[in-house]
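For reference, work-v5.pdb (PDB, N, CA and C atoms):
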```pdb
ATOM      1  N   MET A   1       0.836  -1.171   0.000
ATOM      2  CA  MET A   1       0.000   0.000   0.000
ATOM      3  C   MET A   1       0.889   1.245   0.000
ATOM      4  N   VAL A   2       0.561   2.189  -0.863
ATOM      5  CA  VAL A   2       1.336   3.420  -0.988
ATOM      6  C   VAL A   2       0.935   4.381   0.119
ATOM      7  N   ARG A   3       1.933   4.930   0.777
ATOM      8  CA  ARG A   3       1.656   5.875   1.853
ATOM      9  C   ARG A   3       1.769   7.293   1.303
ATOM     10  N   ILE A   4       0.667   8.036   1.324
ATOM     11  CA  ILE A   4       0.629   9.407   0.819
ATOM     12  C   ILE A   4       1.024  10.345   1.957
ATOM     13  N   PRO A   5       1.976  11.255   1.700
ATOM     14  CA  PRO A   5       2.415  12.163   2.766
ATOM     15  C   PRO A   5       1.343  13.203   3.090
ATOM     16  N   THR A   6       1.459  13.787   4.264
ATOM     17  CA  THR A   6       0.566  14.877   4.639
ATOM     18  C   THR A   6       0.874  16.069   3.749
ATOM     19  N   ILE A   7      -0.161  16.635   3.156
ATOM     20  CA  ILE A   7       0.002  17.750   2.233
ATOM     21  C   ILE A   7      -0.155  19.061   2.993
ATOM     22  N   MET A   8       0.840  19.936   2.877
ATOM     23  CA  MET A   8       0.755  21.256   3.507
ATOM     24  C   MET A   8      -0.179  22.143   2.700
ATOM     25  N   ASP A   9      -0.893  23.036   3.383
ATOM     26  CA  ASP A   9      -1.698  23.998   2.641
ATOM     27  C   ASP A   9      -0.761  25.088   2.099
ATOM     28  N   ALA A  10      -1.309  25.972   1.276
ATOM     29  CA  ALA A  10      -0.486  26.979   0.602
ATOM     30  C   ALA A  10       0.249  27.872   1.594
ATOM     31  N   ASP A  11      -0.426  28.290   2.656
ATOM     32  CA  ASP A  11       0.214  29.166   3.640
ATOM     33  C   ASP A  11       1.384  28.473   4.329
ATOM     34  N   ALA A  12       1.210  27.223   4.685
ATOM     35  CA  ALA A  12       2.282  26.483   5.354
ATOM     36  C   ALA A  12       3.474  26.282   4.425
ATOM     37  N   LEU A  13       3.205  26.009   3.158
ATOM     38  CA  LEU A  13       4.286  25.825   2.190
ATOM     39  C   LEU A  13       5.065  27.125   1.998
ATOM     40  N   LEU A  14       4.350  28.243   1.882
ATOM     41  CA  LEU A  14       5.023  29.535   1.740
ATOM     42  C   LEU A  14       5.809  29.891   2.996
ATOM     43  N   ASP A  15       5.246  29.617   4.165
ATOM     44  CA  ASP A  15       5.959  29.882   5.418
ATOM     45  C   ASP A  15       7.253  29.075   5.484
ATOM     46  N   LYS A  16       7.193  27.833   5.066
ATOM     47  CA  LYS A  16       8.386  26.976   5.065
ATOM     48  C   LYS A  16       9.445  27.542   4.119
ATOM     49  N   ALA A  17       9.028  27.908   2.910
ATOM     50  CA  ALA A  17       9.973  28.399   1.905
ATOM     51  C   ALA A  17      10.592  29.733   2.315
ATOM     52  N   PHE A  18       9.766  30.679   2.756
ATOM     53  CA  PHE A  18      10.293  31.989   3.122
ATOM     54  C   PHE A  18      11.051  31.941   4.444
ATOM     55  N   GLY A  19      10.682  31.022   5.325
ATOM     56  CA  GLY A  19      11.433  30.854   6.563
ATOM     57  C   GLY A  19      12.848  30.378   6.300
ATOM     58  N   ARG A  20      12.981  29.471   5.361
ATOM     59  CA  ARG A  20      14.312  28.985   5.007
ATOM     60  C   ARG A  20      15.097  30.064   4.260
ATOM     61  N   ALA A  21      14.405  30.850   3.428
ATOM     62  CA  ALA A  21      15.080  31.918   2.686
ATOM     63  C   ALA A  21      15.557  33.020   3.630
ATOM     64  N   ARG A  22      14.859  33.213   4.733
ATOM     65  CA  ARG A  22      15.240  34.238   5.700
ATOM     66  C   ARG A  22      16.622  33.957   6.288
ATOM     67  N   LYS A  23      17.024  32.703   6.307
ATOM     68  CA  LYS A  23      18.300  32.308   6.907
ATOM     69  C   LYS A  23      19.484  32.453   5.948
ATOM     70  N   VAL A  24      19.225  32.809   4.694
ATOM     71  CA  VAL A  24      20.289  32.913   3.694
ATOM     72  C   VAL A  24      21.175  34.111   4.018
ATOM     73  N   LYS A  25      22.464  33.899   3.923
ATOM     74  CA  LYS A  25      23.428  34.966   4.174
ATOM     75  C   LYS A  25      24.261  35.174   2.915
ATOM     76  N   GLY A  26      24.927  36.303   2.849
ATOM     77  CA  GLY A  26      25.796  36.572   1.721
ATOM     78  C   GLY A  26      25.912  38.060   1.480
ATOM     79  N   ALA A  27      26.615  38.409   0.430
ATOM     80  CA  ALA A  27      26.778  39.807   0.056
ATOM     81  C   ALA A  27      25.425  40.389  -0.343
ATOM     82  N   LYS A  28      25.285  41.685  -0.162
ATOM     83  CA  LYS A  28      23.995  42.339  -0.407
ATOM     84  C   LYS A  28      23.475  42.083  -1.826
ATOM     85  N   LYS A  29      24.377  42.122  -2.792
ATOM     86  CA  LYS A  29      23.971  41.952  -4.189
ATOM     87  C   LYS A  29      23.442  40.546  -4.460
ATOM     88  N   THR A  30      24.104  39.551  -3.938
ATOM     89  CA  THR A  30      23.703  38.174  -4.224
ATOM     90  C   THR A  30      22.692  37.627  -3.223
ATOM     91  N   LYS A  31      22.504  38.328  -2.117
ATOM     92  CA  LYS A  31      21.602  37.839  -1.076
ATOM     93  C   LYS A  31      20.170  37.716  -1.588
ATOM     94  N   ALA A  32      19.683  38.716  -2.316
ATOM     95  CA  ALA A  32      18.314  38.677  -2.845
ATOM     96  C   ALA A  32      18.154  37.545  -3.854
ATOM     97  N   ILE A  33      19.140  37.377  -4.698
ATOM     98  CA  ILE A  33      19.093  36.304  -5.693
ATOM     99  C   ILE A  33      19.087  34.947  -4.999
ATOM    100  N   ASN A  34      19.907  34.795  -3.982
ATOM    101  CA  ASN A  34      19.968  33.531  -3.252
ATOM    102  C   ASN A  34      18.674  33.254  -2.503
ATOM    103  N   LYS A  35      18.032  34.295  -1.972
ATOM    104  CA  LYS A  35      16.758  34.106  -1.277
ATOM    105  C   LYS A  35      15.687  33.608  -2.241
ATOM    106  N   ILE A  36      15.604  34.227  -3.406
ATOM    107  CA  ILE A  36      14.618  33.812  -4.408
ATOM    108  C   ILE A  36      14.897  32.382  -4.860
ATOM    109  N   SER A  37      16.155  32.069  -5.061
ATOM    110  CA  SER A  37      16.529  30.715  -5.463
ATOM    111  C   SER A  37      16.165  29.696  -4.388
ATOM    112  N   THR A  38      16.342  30.062  -3.131
ATOM    113  CA  THR A  38      15.998  29.167  -2.027
ATOM    114  C   THR A  38      14.504  28.914  -1.976
ATOM    115  N   VAL A  39      13.697  29.968  -2.128
ATOM    116  CA  VAL A  39      12.237  29.813  -2.132
ATOM    117  C   VAL A  39      11.820  28.884  -3.261
ATOM    118  N   LYS A  40      12.378  29.101  -4.441
ATOM    119  CA  LYS A  40      12.047  28.260  -5.594
ATOM    120  C   LYS A  40      12.409  26.803  -5.337
ATOM    121  N   GLN A  41      13.580  26.582  -4.794
ATOM    122  CA  GLN A  41      14.051  25.217  -4.576
ATOM    123  C   GLN A  41      13.225  24.492  -3.523
ATOM    124  N   VAL A  42      12.889  25.172  -2.426
ATOM    125  CA  VAL A  42      12.094  24.543  -1.367
ATOM    126  C   VAL A  42      10.712  24.175  -1.890
ATOM    127  N   MET A  43      10.080  25.109  -2.609
ATOM    128  CA  MET A  43       8.739  24.835  -3.134
ATOM    129  C   MET A  43       8.790  23.724  -4.177
ATOM    130  N   ASN A  44       9.783  23.756  -5.041
ATOM    131  CA  ASN A  44       9.908  22.732  -6.074
ATOM    132  C   ASN A  44      10.130  21.352  -5.456
ATOM    133  N   ASP A  45      11.036  21.262  -4.504
ATOM    134  CA  ASP A  45      11.318  19.970  -3.869
ATOM    135  C   ASP A  45      10.090  19.417  -3.157
ATOM    136  N   THR A  46       9.385  20.283  -2.439
ATOM    137  CA  THR A  46       8.209  19.839  -1.691
ATOM    138  C   THR A  46       7.107  19.370  -2.631
ATOM    139  N   LEU A  47       6.834  20.134  -3.668
ATOM    140  CA  LEU A  47       5.767  19.755  -4.596
ATOM    141  C   LEU A  47       6.138  18.506  -5.395
ATOM    142  N   GLN A  48       7.403  18.363  -5.767
ATOM    143  CA  GLN A  48       7.842  17.154  -6.469
ATOM    144  C   GLN A  48       7.683  15.923  -5.582
ATOM    145  N   LYS A  49       7.959  16.082  -4.297
ATOM    146  CA  LYS A  49       7.787  14.973  -3.353
ATOM    147  C   LYS A  49       6.320  14.547  -3.309
ATOM    148  N   TYR A  50       5.402  15.512  -3.327
ATOM    149  CA  TYR A  50       3.974  15.190  -3.322
ATOM    150  C   TYR A  50       3.578  14.447  -4.590
ATOM    151  N   VAL A  51       4.055  14.910  -5.732
ATOM    152  CA  VAL A  51       3.700  14.297  -7.012
ATOM    153  C   VAL A  51       4.216  12.859  -7.080
ATOM    154  N   LYS A  52       5.439  12.634  -6.642
ATOM    155  CA  LYS A  52       6.014  11.286  -6.691
ATOM    156  C   LYS A  52       5.330  10.327  -5.724
ATOM    157  N   ALA A  53       4.769  10.855  -4.648
ATOM    158  CA  ALA A  53       4.149   9.994  -3.639
ATOM    159  C   ALA A  53       2.763   9.500  -4.048
ATOM    160  N   PHE A  54       2.106  10.224  -4.943
ATOM    161  CA  PHE A  54       0.773   9.797  -5.354
ATOM    162  C   PHE A  54       0.873   8.662  -6.362
ATOM    163  N   PRO A  55      -0.049   7.708  -6.259
ATOM    164  CA  PRO A  55      -0.009   6.551  -7.161
ATOM    165  C   PRO A  55      -0.354   6.918  -8.599
TER     166      PRO A  55
END
```
Show me, as structure tokens, the structure contained in the file I just sent.
Amino acid sequence: MVRIPTIMDADALLDKAFGRARKVKGAKKTKAINKISTVKQVMNDTLQKYVKAFP
């Protein structure tokens, strides 16, 4: 039997992504780019995990 993971609602997913992006450090110029990249990566990884878990 396939075990489907608990799905976060949109607010929880955004909180997770932006919370992780808040921790990004670096030079002022690259910091914004790295934050956006982190948000994209967290959301992409989480949503891909959901898609792969469904039968």
Given the file shown, enumerate the residues that the PyMOL selection byres (((chain A and resi 20 and name CA) around 12) and name CA) captures and present them as a VMD selection string. chain A and resid 13 to 19 21 to 25 34 to 43
Quick one: pull the distance between CA of Thr46 in chain A and CA of Lys28 in chain A, Å, one decimal. 27.5 Å
Find, counting all atoms listed in the file, the residue in A:Ile4, A:Ala12, A:Ala27, A:Ala32 that gets nearest to Tyr50 in chain A.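 For Tyr50 in chain A, the nearest of the candidates is A:Ile4.
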So the first atom is CA of Ala10 in chain A and the second is CA of Lys29 in chain A; what is the distance between them in Å, to one decimal place?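 These two atoms are separated by 29.1 Å.
For the file shown, the residue list from the PyMOL selection byres (((chain A and resi 55 and name CA) around 10) and name CA) reads Met1, Val2, Arg3, Ile4, Val51, Lys52, Ala53 and Phe54 of chain A.
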In Å to one decimal, how far is CA of Asp45 in chain A from atom C of Ile33 in chain A?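 Those two atoms sit 16.9 Å apart.
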Among chain A, which residues carry a DSSP assignment of alpha helix (DSSP H), reported as JSON, numbers by chain? {"A": [10, 11, 12, 13, 14, 15, 16, 17, 18, 19, 20, 21, 22, 28, 29, 30, 31, 32, 33, 34, 35, 36, 37, 38, 39, 40, 41, 42, 43, 44, 45, 46, 47, 48, 49, 50, 51, 52, 53]}
